Amino acid sequence: MSDILEVIPVLSYWSGSPAVASVIVTAALLVISEDRRVLVTALAIQYLFVGLLYTNILAPQVAGIKTTAGIVVWLIVFFSVQQSGWRRGSEVSESSIPWVLGARARFRVFAVILAALIGWKLALPGTLPFPVASEYVTFAALQLTCLGLLLQGLAGHPLKSGLGILTFLTGFGLLYSGVEPALMVVGVLAAVEVAVALSISYLTIVHMLSSRVSEEVR
Amino acid sequence: MSFPLLLMGLPLVTGVLVYNLRRWLWLQVIVAVGTVLVLIALVQLETLDQLVVVFGRDITLHSSSAVLGRSFTFGEADRPILVFVFVAVLLYFLAVGVVRGPSLFLPVGLGMLPLMEATIFVQPFLYAALFLALIAAVAAFILSNRDYAGTDGAMRYLAFVSMGVPFILLAGWQLEVHQINPDDMLPLKRATWMLGVGFLVILAVAPFHSWVALVSRKAPPLSAAFVIGVVQAVVLIFLIDTLTQFDWLRANTQFFLALRLGGVAMAVVGAAFTFAQRSLGGLMGYTALIDWGATLVVLGLRTPDSIAVASMMIVVRVLGLVVWGVGAGVLMDVFEDDYDKLRSCARNYPFATTAVVVGGLSLSALPLLAGFPGRWELFRMLSADHIGFSIVLILAGVSAWWGYVRVLPILFEWSEPQTESSYFVAGWERWGTIGFVTLGVVTLLCVGLAPKVLTPFVQPMLDNLAKLLV
């Protein structure tokens with residue numbers, strides 16, 4: 001019992017600004033990186049910290065449901081990447097030196113900065129008609145929403161595009177939970193995320209099979 | 001026992017069964033069609049909320065049931081709408097039996113049925129948007145497969161629906177804020193534009209239309225026809241439900257103006273691209289976009305007659321698309337979607353080719369076909385005050401006809417010297433396809449010649465809103 005009580009202050013620390021920072025960094029990584037190992041790891045960290053952010057606006061039990069849904073979503077994405085391969089067949093390294101950003105990555109960094117600025121501007125008090133349960137949760141949610149939209153716009157591959165949809169839905173889920181914490185709505189939103197993850201997984205596999213066939217034909 | 005949960009649970013259970021019967025298509029079709037027929041019979045039950053004796057046991061079918069604080073309610077007005085949805089789904093299930101559709105079509109179709117029903121049953125009904133997002137996610141499984149490996153259409157569809165849903169959910173919250181403080185009109189204004197944006201995104205109004213063309217080009221024809229015809233009809237029914245529920249929204253002329261303008265935008269985009277298409281799928285996609293645009297324009301006119309015409313258009317579109325889907329399914333299995341690959345296909349596949357042409361022309365509202373009476377009625381309604389809109393819609397229709405006129409010589413091309421009697425080579429098409437296409441084409445012609453045949457089925461569908469607009 002005393003162990004659990006010791007965990008609570010630690011959790012409340014991590015569910016604050018460290019969670020916001022982690023969520024923004026991981027969302028930016030999802031946009032910028034092409035390496036699937038980085039994408040899957042970033043998604044895991046993102047869901048972990050989003051789960052912590054939920055504890056600021058929802059009852060711990062309900063936040064637990066969202067965290068569980070996040071774990072399920074991550075597992076689906078992980079296994080689909082495991083099946084389709086950690087490196088894309090057509091992947092070509094843009095730069096021979098790994099720590100030098102290629103033109104595409106530089107463009108994405110610039111786009112991430114712009115999207116983050118829009119998210120920051122929207123989070124200013126009085127800009128959006130949302131009840132602000134917690135300012136930093138709203139800030140993180142808007143960053144996720146903007147970066148998710150950006151990722152959807154930039155990505156062509158079903159996996160990355162799907163991660164964009166998931167990031168957008170996660171951000172919206174955070175915003176909307178402050179507005180409507182009803183269990184049914186939280187549950188259906190979680191179901192939507194799981195369904196989206198399943199469809200991404202399916203489309204990624206279909207895409208991989210078709211690319212493999214076209215490579216064999218060549 | 002809860003009646004809405006029974007209606008939603010039955011297809012879910014049989015969907016699992018049908019998934020496990022993948023090796024026997026005919027058995028799958030029998031179970032799926034049987035399930036939908038049972039659902040149609042169940043919807044006709046008049047004994048809700050009363051004690052009835054079934055096989056010696058007392059049972060009460062409750063019209064409403066609460067799930068985690070929200071309710072699923074079956075209302076009297078839902079009956080004709082559900083019958084329409086079930087009959088539309090039934091047609092597609094029968095079509096899968098006659099043309100090699102995606103292997104997951106039947107189980108996924110059965111899995112989508114409860115979600116479509118949930119959009120009609122759920123209260124407060126704006127939560128239906130969540131079920132639309134679920135439908136889009138589930139639809140990915142029929143919009144792409146090994147044979148139709150293009151995933152862009154399914155992804156784009158999912159992305160747009162995911163973008164539109166938050167607006168509708170937030171509008172619902174703004175309405176709750178307004179109910180707490182009825183004097184404050186700001187939440188109502190916000191709810192109006194949020195609903196407007198949400199619906200325009202989900203209804204594929206330009207510039208959110210790109211998924212329609214991608215899905216119709218890259219997805220299996222029957223699946224594309226299903227999503228564009230049936231699923232989008234459910235979205236429109238949701239919009240009409242919204243209008244029925246909120247008198248302030250019905251009284252908002254700007255909302256209806258947005259619908260009209262959105263419809264015209266769809267028609268303009270469709271007209272710009274239809275005539276130049278080089279694929280059957282693309283041709284259907286842009287033609288459907290024009291037809292959907294016409295439906296939004298007629299709905300935006302905000303008269304009781306316009307609701308009846310909109311219902312007619314929705315029903316006729318389902319018929320035209322299922323006939324097109326069967327024909328295109330056969331042709332694209334053998335040839336490909338590109339015009340160059342489809343040369344002379346009518347020689348070996350006359351019925352499938354006829355289905356594609358007649359279904360497509362009905363969609364583009366050619367006179368004497370089923371799509372025309374609704375469009376004609378719309379032109380008549382527009383002629384008084386909105387002559388500009390009718391000119392745009394006429395030009396869009398001509399563009400679609402031109403697209404089909406361009407494809408006709410390709411499909412019926414005589415590649416070698418042939419006499420008229422030896423041009424068609426029989427025996428390449430299955431009897432099921434021939435029967436389905438013949439019935440479908442005859443129906444499209446009959447409805448085109450005598451549109452009143454459909455009135456008893458169409459009239460009650462959206463009657464509630466029509467009565468409110470009198």
# chains A, B, ... in the order shown; residues from 1 in each chain; ligands from 1
>>> interface_residues(of="chain A", to="chain B", cutoff="6 Å", atoms="only C-alpha atoms", output="number ranges by chain")
A: 184, 192, 195-196, 199, 210
>>> write_last_selection(atoms="C-alpha atoms", output="PDB file, in the first residue's frame")
ATOM      1  CA  MET A 184     -19.594   5.425 -23.667  1.00  0.00           C
ATOM      2  CA  VAL A 192     -12.318   3.993 -33.242  1.00  0.00           C
ATOM      3  CA  ALA A 195     -10.337   0.027 -35.619  1.00  0.00           C
ATOM      4  CA  VAL A 196      -8.149   2.601 -37.360  1.00  0.00           C
ATOM      5  CA  SER A 199      -7.226  -0.985 -40.919  1.00  0.00           C
ATOM      6  CA  SER A 210       1.785  -5.512 -53.800  1.00  0.00           C
TER       7      SER A 210
END
>>> closest_residue(among="A:Ile200, A:Val194, A:Val40, A:Leu53", to="Ser134 of chain A", atoms="only C-alpha atoms")
A:Leu53
>>> residues_around(residues="segment 147-163 of chain A", least_positions_apart="5", cutoff="6 Å", atoms="only C-alpha atoms", output="count of residues only")
4
>>> atom_distance(atom1="atom CA of Val197 of chain B", atom2="atom CA of Ala294 of chain B")
18.6 Å
>>> residues_around(residues="segment 58-62 of chain A", least_positions_apart="4", cutoff="7 Å", atoms="only C-alpha atoms", output="count of residues only")
3
>>> residues_around(residues="Gln50 of chain B", least_positions_apart="2", cutoff="6 Å", atoms="only C-alpha atoms", output="mmCIF file with C-alpha atoms, in the first residue's frame")
data_model
loop_
_atom_site.group_PDB
_atom_site.id
_atom_site.type_symbol
_atom_site.label_atom_id
_atom_site.label_comp_id
_atom_site.auth_asym_id
_atom_site.auth_seq_id
_atom_site.Cartn_x
_atom_site.Cartn_y
_atom_site.Cartn_z
ATOM 1 C CA THR B 47 -45.349 -5.300 -31.168
ATOM 2 C CA LEU B 48 -42.541 -3.348 -29.561
ATOM 3 C CA THR B 60 -40.930 -8.025 -24.407
#
>>> select_by_dssp(residues="segment 336-430 of chain B", states="helix (DSSP H, G or I)", output="JSON, numbers by chain")
{"B": [339, 340, 341, 342, 345, 346, 347, 348, 350, 351, 352, 353, 354, 355, 356, 357, 358, 359, 360, 361, 362, 363, 371, 372, 373, 374, 375, 376, 377, 378, 379, 380, 381, 382, 383, 384, 385, 387, 388, 389, 390, 391, 392, 393, 394, 395, 396, 397, 398, 399, 400, 401, 402, 403, 404, 405, 406, 407, 408, 409, 410, 411, 420, 421, 422]}
>>> closest_residue(among="B:Gly229, B:Gly263, B:Pro460, B:Gly329", to="Leu363 of chain B", atoms="only C-alpha atoms")
B:Gly229
>>> atom_distance(atom1="atom CA of Pro129 of chain A", atom2="atom CA of Leu169 of chain A")
18.4 Å
